[in-house]
file data06.cif (mmCIF, C-alpha atoms (C1' of nucleotides))
data_final
loop_
_atom_site.label_atom_id
_atom_site.label_comp_id
_atom_site.auth_asym_id
_atom_site.auth_seq_id
_atom_site.Cartn_x
_atom_site.Cartn_y
_atom_site.Cartn_z
CA MET A 1 107.26 112.80 94.75
CA ALA A 2 103.58 112.00 94.85
CA ARG A 3 101.74 109.22 96.53
CA ALA A 4 103.27 105.81 96.27
CA ALA A 5 102.23 104.01 93.14
CA THR A 6 99.20 101.87 93.57
CA THR A 7 101.09 99.09 91.89
CA SER A 8 103.98 99.23 94.29
CA ASP A 9 102.67 96.72 96.79
CA ALA A 10 99.67 94.93 98.16
CA PHE A 11 99.08 97.58 100.82
CA ASN A 12 98.46 100.13 98.12
CA ALA A 13 96.53 97.77 95.91
CA ILE A 14 93.94 96.97 98.52
CA ALA A 15 93.50 100.58 99.52
CA GLU A 16 91.03 100.72 96.65
CA PRO A 17 87.57 99.48 97.65
CA GLN A 18 86.73 98.16 94.20
CA ARG A 19 89.84 96.07 94.20
CA ARG A 20 88.94 94.63 97.56
CA ARG A 21 85.59 93.71 96.14
CA ILE A 22 87.25 92.03 93.20
CA LEU A 23 89.46 89.97 95.46
CA THR A 24 86.49 88.99 97.55
CA LEU A 25 84.59 88.03 94.43
CA LEU A 26 87.43 85.84 93.23
CA LYS A 27 87.36 83.90 96.46
CA GLY A 28 84.38 82.09 95.08
CA ARG A 29 86.02 81.06 91.86
CA GLU A 30 88.13 82.33 89.02
CA ARG A 31 86.36 84.60 86.53
CA PRO A 32 86.83 86.28 83.19
CA VAL A 33 86.95 90.06 83.05
CA ASN A 34 83.44 90.51 81.82
CA GLU A 35 82.04 88.53 84.67
CA VAL A 36 83.96 90.59 87.17
CA ALA A 37 82.71 93.77 85.56
CA ARG A 38 79.12 92.59 85.57
CA ALA A 39 79.25 91.28 89.11
CA LEU A 40 80.62 94.54 90.48
CA ARG A 41 78.65 96.71 88.09
CA ILE A 42 81.62 98.55 86.75
CA THR A 43 82.64 99.12 83.15
CA GLN A 44 84.84 96.58 81.44
CA PRO A 45 87.81 98.94 81.06
CA ARG A 46 87.61 99.73 84.74
CA ALA A 47 87.59 96.07 85.62
CA SER A 48 90.57 95.46 83.35
CA LYS A 49 92.51 98.28 84.94
CA HIS A 50 91.86 97.15 88.47
CA LEU A 51 92.71 93.61 87.53
CA ARG A 52 95.92 94.83 86.01
CA VAL A 53 96.94 96.49 89.25
CA LEU A 54 96.10 93.37 91.18
CA ARG A 55 98.08 91.34 88.71
CA GLU A 56 101.08 93.63 88.99
CA VAL A 57 101.27 93.20 92.74
CA GLY A 58 100.70 89.50 92.34
CA LEU A 59 97.32 89.24 93.98
CA VAL A 60 95.72 87.64 90.95
CA ARG A 61 96.95 85.58 88.03
CA VAL A 62 95.63 85.42 84.50
CA ARG A 63 94.98 82.42 82.39
CA GLU A 64 94.03 82.71 78.75
CA SER A 65 91.06 80.70 77.72
CA GLY A 66 90.21 81.37 74.14
CA GLN A 67 89.29 84.98 73.82
CA GLN A 68 88.75 85.27 77.54
CA ARG A 69 91.25 86.03 80.26
CA VAL A 70 90.35 84.24 83.39
CA TYR A 71 91.56 85.81 86.60
CA THR A 72 92.40 83.72 89.62
CA LEU A 73 92.95 84.81 93.17
CA ASP A 74 96.45 84.48 94.56
CA ALA A 75 96.03 85.58 98.13
CA ARG A 76 99.57 85.03 99.27
CA GLY A 77 100.32 88.71 98.95
CA LEU A 78 97.75 89.43 101.63
CA ARG A 79 99.60 87.43 104.17
CA PRO A 80 102.15 90.13 105.06
CA ILE A 81 99.31 92.56 105.63
CA HIS A 82 97.53 90.12 107.87
CA ALA A 83 100.76 89.56 109.73
CA TRP A 84 101.51 93.26 110.07
CA THR A 85 98.09 94.16 111.41
CA GLY A 86 98.23 91.08 113.60
CA GLY A 87 101.18 92.63 115.34
CA PHE A 88 98.76 95.13 116.81
CA GLU A 89 96.32 92.64 118.18
CA GLN A 90 97.35 93.13 121.78
CA PHE A 91 96.90 96.85 121.35
CA TRP A 92 93.41 96.95 120.05
CA ASN A 93 92.28 95.01 123.06
CA GLU A 94 94.27 97.11 125.42
CA SER A 95 92.96 100.24 123.79
CA PHE A 96 89.78 100.36 125.78
CA ASP A 97 91.66 100.84 129.00
CA LYS A 98 93.91 103.39 127.43
CA LEU A 99 90.92 105.19 126.05
CA ASP A 100 89.36 105.31 129.48
CA ALA A 101 92.50 106.78 130.92
CA TYR A 102 92.56 109.26 128.08
CA VAL A 103 89.00 110.35 128.61
CA ARG A 104 89.55 110.80 132.31
CA LYS A 105 92.58 112.90 131.61
CA LEU A 106 90.59 115.03 129.20
CA GLU A 107 87.90 115.60 131.78
CA ARG A 108 90.48 116.72 134.26
CA GLN A 109 91.86 119.19 131.77
CA GLU A 110 88.43 120.59 131.13
CA GLN A 111 87.89 121.08 134.84
CA ASN A 112 91.08 123.06 134.98
CA ASP A 113 89.86 125.16 132.08
CA ASP A 114 86.69 125.96 133.97
CA HIS A 115 88.64 127.16 137.00
CA ARG A 116 90.81 129.52 134.99
CA MET B 117 86.82 111.43 90.90
CA ALA B 118 90.40 110.76 91.79
CA ARG B 119 91.95 108.33 94.13
CA ALA B 120 90.20 107.81 97.42
CA ALA B 121 91.34 110.28 100.02
CA THR B 122 94.08 108.98 102.22
CA THR B 123 92.10 110.16 105.18
CA SER B 124 89.03 108.20 104.22
CA ASP B 125 89.81 105.01 106.07
CA ALA B 126 92.49 102.91 107.68
CA PHE B 127 93.12 100.94 104.49
CA ASN B 128 94.26 104.11 102.80
CA ALA B 129 96.10 105.43 105.81
CA ILE B 130 98.35 102.41 106.13
CA ALA B 131 99.11 102.30 102.42
CA GLU B 132 101.81 104.83 103.23
CA PRO B 133 105.02 103.16 104.47
CA GLN B 134 105.99 106.09 106.70
CA ARG B 135 102.67 105.89 108.45
CA ARG B 136 103.12 102.20 109.05
CA ARG B 137 106.47 102.98 110.60
CA ILE B 138 104.87 105.57 112.82
CA LEU B 139 102.27 103.13 114.05
CA THR B 140 104.92 100.54 114.70
CA LEU B 141 106.94 103.10 116.58
CA LEU B 142 104.00 104.02 118.76
CA LYS B 143 103.57 100.42 119.80
CA GLY B 144 106.44 100.96 122.18
CA ARG B 145 104.96 103.99 123.85
CA GLU B 146 103.30 107.29 123.16
CA ARG B 147 105.50 110.03 121.75
CA PRO B 148 105.50 113.73 120.99
CA VAL B 149 105.81 114.81 117.35
CA ASN B 150 109.45 115.72 117.52
CA GLU B 151 110.37 112.35 118.83
CA VAL B 152 108.49 110.67 116.03
CA ALA B 153 110.21 112.87 113.51
CA ARG B 154 113.62 112.17 114.92
CA ALA B 155 113.05 108.45 115.25
CA LEU B 156 111.95 108.12 111.65
CA ARG B 157 114.35 110.75 110.37
CA ILE B 158 111.73 112.82 108.67
CA THR B 159 111.08 116.51 108.96
CA GLN B 160 108.77 117.78 111.65
CA PRO B 161 106.12 119.04 109.23
CA ARG B 162 106.12 115.67 107.53
CA ALA B 163 105.64 113.92 110.83
CA SER B 164 102.82 116.28 111.73
CA LYS B 165 101.09 115.65 108.45
CA HIS B 166 101.29 111.91 108.70
CA LEU B 167 100.13 112.03 112.28
CA ARG B 168 97.24 114.14 111.21
CA VAL B 169 96.13 111.55 108.70
CA LEU B 170 96.45 108.83 111.29
CA ARG B 171 94.46 110.92 113.71
CA GLU B 172 91.72 111.56 111.18
CA VAL B 173 91.17 107.87 110.61
CA GLY B 174 91.36 107.27 114.32
CA LEU B 175 94.55 105.24 114.45
CA VAL B 176 96.20 107.59 116.90
CA ARG B 177 95.01 110.01 119.53
CA VAL B 178 96.57 113.22 120.73
CA ARG B 179 97.08 114.44 124.22
CA GLU B 180 98.35 117.89 124.97
CA SER B 181 101.17 118.05 127.42
CA GLY B 182 102.40 121.55 127.77
CA GLN B 183 103.69 122.68 124.45
CA GLN B 184 103.95 119.13 123.26
CA ARG B 185 101.35 116.97 121.61
CA VAL B 186 101.78 113.42 122.59
CA TYR B 187 100.48 110.85 120.14
CA THR B 188 99.17 107.52 121.30
CA LEU B 189 98.43 104.44 119.29
CA ASP B 190 94.81 103.41 118.94
CA ALA B 191 95.03 100.20 117.00
CA ARG B 192 91.37 99.38 116.94
CA GLY B 193 91.06 100.67 113.40
CA LEU B 194 93.45 97.99 112.23
CA ARG B 195 91.18 95.25 113.35
CA PRO B 196 88.88 95.36 110.31
CA ILE B 197 91.91 95.08 108.06
CA HIS B 198 93.22 92.14 109.98
CA ALA B 199 89.80 90.56 109.76
CA TRP B 200 89.43 91.24 106.05
CA THR B 201 92.79 89.80 105.13
CA GLY B 202 92.15 86.94 107.50
CA GLY B 203 89.24 85.98 105.32
CA PHE B 204 91.78 84.91 102.73
CA GLU B 205 93.81 82.71 104.98
CA GLN B 206 92.53 79.49 103.50
CA PHE B 207 93.42 80.77 100.07
CA TRP B 208 97.01 81.67 100.60
CA ASN B 209 97.66 78.15 101.78
CA GLU B 210 95.73 76.63 98.96
CA SER B 211 97.52 78.84 96.48
CA PHE B 212 100.54 76.65 96.15
CA ASP B 213 98.52 73.87 94.62
CA LYS B 214 96.70 76.28 92.39
CA LEU B 215 99.97 77.81 91.33
CA ASP B 216 101.32 74.40 90.44
CA ALA B 217 98.32 73.69 88.32
CA TYR B 218 98.73 77.08 86.70
CA VAL B 219 102.35 76.54 85.87
CA ARG B 220 101.62 73.15 84.39
CA LYS B 221 98.91 74.66 82.26
CA LEU B 222 101.29 77.35 81.07
CA GLU B 223 103.87 74.80 80.10
CA ARG B 224 101.29 72.94 78.10
CA GLN B 225 100.36 76.14 76.29
CA GLU B 226 103.97 76.82 75.45
CA GLN B 227 104.33 73.36 74.03
CA ASN B 228 101.36 74.04 71.82
CA ASP B 229 102.95 77.28 70.70
CA ASP B 230 106.07 75.42 69.70
CA HIS B 231 104.07 73.02 67.57
CA ARG B 232 102.30 75.75 65.69
"C1'" DA C 233 88.55 87.89 54.62
"C1'" DT C 234 84.86 89.53 57.73
"C1'" DA C 235 82.04 90.19 61.53
"C1'" DA C 236 81.26 89.42 66.40
"C1'" DC C 237 83.02 89.05 70.83
"C1'" DA C 238 86.47 89.75 74.88
"C1'" DT C 239 90.11 92.58 76.70
"C1'" DA C 240 93.55 95.93 77.02
"C1'" DT C 241 95.15 100.46 76.40
"C1'" DG C 242 95.49 105.47 75.51
"C1'" DC C 243 93.88 110.02 76.37
"C1'" DC C 244 91.31 113.38 79.10
"C1'" DG C 245 89.77 115.76 83.31
"C1'" DA C 246 89.48 116.46 88.23
"C1'" DT C 247 91.64 115.58 92.27
"C1'" DA C 248 94.65 114.15 96.00
"C1'" DT C 249 98.93 113.21 97.09
"C1'" DG C 250 103.77 113.55 99.60
"C1'" DG C 251 107.78 116.40 100.15
"C1'" DG C 252 110.19 120.86 101.09
"C1'" DA C 253 110.36 125.52 102.74
"C1'" DA C 254 108.40 129.25 104.98
"C1'" DT C 255 105.32 130.69 108.23
"C1'" DA C 256 101.43 130.76 111.43
"C1'" DT C 257 99.83 129.25 116.00
"C1'" DG C 258 100.40 128.08 120.66
"C1'" DT C 259 102.92 127.33 125.05
"C1'" DC C 260 106.28 128.18 128.51
"C1'" DA C 261 110.03 130.65 130.82
"C1'" DA C 262 112.64 134.80 132.13
"C1'" DT D 263 106.38 141.57 126.98
"C1'" DT D 264 109.88 138.95 124.74
"C1'" DG D 265 112.20 135.03 123.20
"C1'" DA D 266 112.76 130.05 122.85
"C1'" DC D 267 110.57 125.94 121.80
"C1'" DA D 268 106.95 122.53 119.80
"C1'" DT D 269 103.54 121.84 116.30
"C1'" DA D 270 100.43 122.78 112.69
"C1'" DT D 271 99.40 124.80 108.40
"C1'" DT D 272 99.96 126.83 103.84
"C1'" DC D 273 101.88 127.16 99.22
"C1'" DC D 274 104.16 125.07 95.36
"C1'" DC D 275 105.58 121.19 92.47
"C1'" DA D 276 105.59 116.79 90.18
"C1'" DT D 277 103.12 112.84 89.94
"C1'" DA D 278 99.76 109.20 90.16
"C1'" DT D 279 95.65 108.23 90.60
"C1'" DC D 280 90.30 106.71 89.08
"C1'" DG D 281 86.67 107.17 85.84
"C1'" DG D 282 84.64 107.59 81.16
"C1'" DC D 283 85.10 107.08 76.29
"C1'" DA D 284 87.06 105.74 72.12
"C1'" DT D 285 89.91 102.59 70.13
"C1'" DA D 286 93.58 99.17 69.46
"C1'" DT D 287 94.57 94.19 69.89
"C1'" DG D 288 93.51 89.50 69.79
"C1'" DT D 289 90.38 85.42 69.17
"C1'" DT D 290 86.66 82.71 67.28
"C1'" DA D 291 83.10 81.61 64.05
"C1'" DT D 292 81.07 82.10 59.42
#
call {"tool": "encode", "arguments": {"input": "data06.cif", "output": "structure tokens"}}
result
Amino acid sequence: MARAATTSDAFNAIAEPQRRRILTLLKGRERPVNEVARALRITQPRASKHLRVLREVGLVRVRESGQQRVYTLDARGLRPIHAWTGGFEQFWNESFDKLDAYVRKLERQEQNDDHR
Amino acid sequence: MARAATTSDAFNAIAEPQRRRILTLLKGRERPVNEVARALRITQPRASKHLRVLREVGLVRVRESGQQRVYTLDARGLRPIHAWTGGFEQFWNESFDKLDAYVRKLERQEQNDDHR
DNA sequence: ATAACATATGCCGATATGGGAATATGTCAA
DNA sequence: TTGACATATTCCCATATCGGCATATGTTAT
């Protein structure tokens, strides 16, 4: 088995920086592919492919408008990620203390090394 | 260029389900590799590799304790992800309305198709 | 029909994966 | 020193990228 498919879930989908940029861009308003491509300075095929991934995990929706496909943000899929990371909130505050303890422990170890 | 390296940042690191499980596990308390492996029912090399990735993006730290390497959670790297997803909070609430509008629009289109 | 425009898709190349198995490296105890 | 134990690393395989380019598909206007 290789790496999990990028289309498997939102966690994988947003691992790609370009796709994060697309989502951020769509916060402003819905946009057709070409506009996305131009805004992010990527080729049209690239934009289409990223948008496809985002569509497949449900982070965007498409609406056909004449010959254009207008993509709209559907951020609900980000909620689980926000929730999951939120579960660590207490820890990233606490971490400073733990880091201090860790550093002190390291220093002690190094002292022991010196005395060997 | 291929996919972004999994070790490049926390976004990539947590795209892997096993690694998310490891981080969750370490919320309880620090643990040596073997314990992680046993708890998640993965092989020791696999645990080591995942822990390495997590270490390289700074989500865990290692402390040597005799012949064991004890891994500790350092959740600070998750904060940017929480913040980034949090920037979409207003949208995932709003989305229901937008989805309604979208569905209605779709239905209209289908009606048009029928009349063609 | 035909041309112009907007998107999507297929194919290629280079690369990075995650998993398993075997093995190297390092530490401690007798 | 030797052996047991804990971890890390390497090699191999199958797969899934992401990017560029060419091209298929679909829509609108003439």
call {"tool": "resolve_selection", "arguments": {"input": "data06.cif", "expression": "the PyMOL selection byres ((chain B) within 7 of (chain A))", "output": "list in words"}}
result
Phe127, Asn128, Ala131, Asp190, Ala191, Arg192, Leu194, His198, Thr201, Gly202, Phe204, Phe207, Trp208 and Ser211 of chain B
call {"tool": "interface_residues", "arguments": {"input": "data06.cif", "of": "chain C", "to": "chain A", "cutoff": "10 Å", "atoms": "all atoms listed in the file", "output": "ChimeraX atom specification"}}
result
/C:237-241,248-251
call {"tool": "resolve_selection", "arguments": {"input": "data06.cif", "expression": "the PyMOL selection byres ((chain D) within 7 of (chain A))", "output": "MDAnalysis selection string"}}
result
chainID D and resid 276:278 289
call {"tool": "atom_distance", "arguments": {"input": "data06.cif", "atom1": "C1' of DC244 in chain C", "atom2": "CA of Arg38 in chain A"}}
result
25.0 Å
call {"tool": "atom_distance", "arguments": {"input": "data06.cif", "atom1": "C1' of DT263 in chain D", "atom2": "C1' of DA256 in chain C"}}
result
19.6 Å
call {"tool": "atom_distance", "arguments": {"input": "data06.cif", "atom1": "CA of Ala37 in chain A", "atom2": "C1' of DA284 in chain D"}}
result
18.5 Å
call {"tool": "resolve_selection", "arguments": {"input": "data06.cif", "expression": "the PyMOL selection byres ((chain D and resi 291) around 12)", "output": "number ranges by chain"}}
result
C: 234-237; D: 289-290, 292
call {"tool": "write_last_selection", "arguments": {"input": "data06.cif", "atoms": "C-alpha atoms (C1' of nucleotides)", "output": "PDB file, keeping the file's coordinate frame"}}
result
ATOM      1  C1'  DT C 234      84.860  89.530  57.730  1.00  0.00           C
ATOM      2  C1'  DA C 235      82.040  90.190  61.530  1.00  0.00           C
ATOM      3  C1'  DA C 236      81.260  89.420  66.400  1.00  0.00           C
ATOM      4  C1'  DC C 237      83.020  89.050  70.830  1.00  0.00           C
TER       5       DC C 237
ATOM      6  C1'  DT D 289      90.380  85.420  69.170  1.00  0.00           C
ATOM      7  C1'  DT D 290      86.660  82.710  67.280  1.00  0.00           C
ATOM      8  C1'  DT D 292      81.070  82.100  59.420  1.00  0.00           C
TER       9       DT D 292
END
call {"tool": "build_atoms", "arguments": {"input": "data06.cif", "residues": "range 32-43 of chain A", "atoms": "all heavy atoms", "output": "short mmCIF file (atom, residue, chain, number, x, y, z; two decimals), keeping the file's coordinate frame"}}
result
data_model
loop_
_atom_site.label_atom_id
_atom_site.label_comp_id
_atom_site.auth_asym_id
_atom_site.auth_seq_id
_atom_site.Cartn_x
_atom_site.Cartn_y
_atom_site.Cartn_z
N PRO A 32 86.36 85.42 84.27
CA PRO A 32 86.83 86.28 83.19
C PRO A 32 86.45 87.72 83.47
O PRO A 32 85.55 88.00 84.27
CB PRO A 32 86.08 85.75 81.97
CG PRO A 32 84.84 85.13 82.54
CD PRO A 32 85.23 84.58 83.87
N VAL A 33 87.13 88.63 82.83
CA VAL A 33 86.95 90.06 83.05
C VAL A 33 85.50 90.50 83.01
O VAL A 33 85.03 91.21 83.90
CB VAL A 33 87.76 90.86 82.01
CG1 VAL A 33 87.51 92.36 82.18
CG2 VAL A 33 89.22 90.56 82.15
N ASN A 34 84.82 90.08 81.99
CA ASN A 34 83.44 90.51 81.82
C ASN A 34 82.58 90.14 83.02
O ASN A 34 81.72 90.91 83.44
CB ASN A 34 82.84 89.90 80.56
CG ASN A 34 82.54 90.97 79.55
OD1 ASN A 34 82.24 92.10 79.91
ND2 ASN A 34 82.63 90.62 78.27
N GLU A 35 82.83 88.98 83.54
CA GLU A 35 82.04 88.53 84.67
C GLU A 35 82.34 89.38 85.89
O GLU A 35 81.43 89.74 86.65
CB GLU A 35 82.39 87.07 84.96
CG GLU A 35 81.18 86.21 85.25
CD GLU A 35 81.58 84.77 85.45
OE1 GLU A 35 82.02 84.15 84.45
OE2 GLU A 35 81.49 84.26 86.58
N VAL A 36 83.58 89.72 86.06
CA VAL A 36 83.96 90.59 87.17
C VAL A 36 83.25 91.93 87.02
O VAL A 36 82.66 92.45 87.96
CB VAL A 36 85.49 90.82 87.20
CG1 VAL A 36 85.85 91.87 88.23
CG2 VAL A 36 86.20 89.51 87.48
N ALA A 37 83.32 92.48 85.81
CA ALA A 37 82.71 93.77 85.56
C ALA A 37 81.21 93.73 85.85
O ALA A 37 80.68 94.61 86.52
CB ALA A 37 82.95 94.19 84.11
N ARG A 38 80.56 92.69 85.38
CA ARG A 38 79.12 92.59 85.57
C ARG A 38 78.79 92.43 87.05
O ARG A 38 77.92 93.10 87.60
CB ARG A 38 78.55 91.42 84.76
CG ARG A 38 77.48 91.87 83.77
CD ARG A 38 76.96 90.68 82.99
NE ARG A 38 78.03 89.97 82.30
CZ ARG A 38 78.21 88.65 82.33
NH1 ARG A 38 77.38 87.89 83.04
NH2 ARG A 38 79.21 88.10 81.67
N ALA A 39 79.52 91.55 87.70
CA ALA A 39 79.25 91.28 89.11
C ALA A 39 79.39 92.54 89.97
O ALA A 39 78.61 92.78 90.88
CB ALA A 39 80.20 90.20 89.62
N LEU A 40 80.39 93.34 89.67
CA LEU A 40 80.62 94.54 90.48
C LEU A 40 79.97 95.78 89.87
O LEU A 40 80.08 96.88 90.42
CB LEU A 40 82.13 94.79 90.64
CG LEU A 40 82.91 93.63 91.23
CD1 LEU A 40 84.29 94.10 91.63
CD2 LEU A 40 82.19 93.06 92.44
N ARG A 41 79.33 95.58 88.74
CA ARG A 41 78.65 96.71 88.09
C ARG A 41 79.60 97.86 87.79
O ARG A 41 79.32 99.01 88.12
CB ARG A 41 77.50 97.21 88.95
CG ARG A 41 76.46 96.12 89.15
CD ARG A 41 75.25 96.65 89.85
NE ARG A 41 74.24 95.60 90.02
CZ ARG A 41 73.06 95.81 90.54
NH1 ARG A 41 72.73 97.02 90.95
NH2 ARG A 41 72.19 94.84 90.66
N ILE A 42 80.70 97.52 87.21
CA ILE A 42 81.62 98.55 86.75
C ILE A 42 81.87 98.30 85.27
O ILE A 42 81.56 97.22 84.76
CB ILE A 42 82.96 98.52 87.52
CG1 ILE A 42 83.63 97.16 87.36
CG2 ILE A 42 82.74 98.82 88.98
CD1 ILE A 42 84.91 97.04 88.14
N THR A 43 82.40 99.29 84.58
CA THR A 43 82.64 99.12 83.15
C THR A 43 83.76 98.12 82.93
O THR A 43 84.59 97.89 83.81
CB THR A 43 83.05 100.46 82.51
OG1 THR A 43 84.31 100.87 83.06
CG2 THR A 43 82.00 101.53 82.78
#
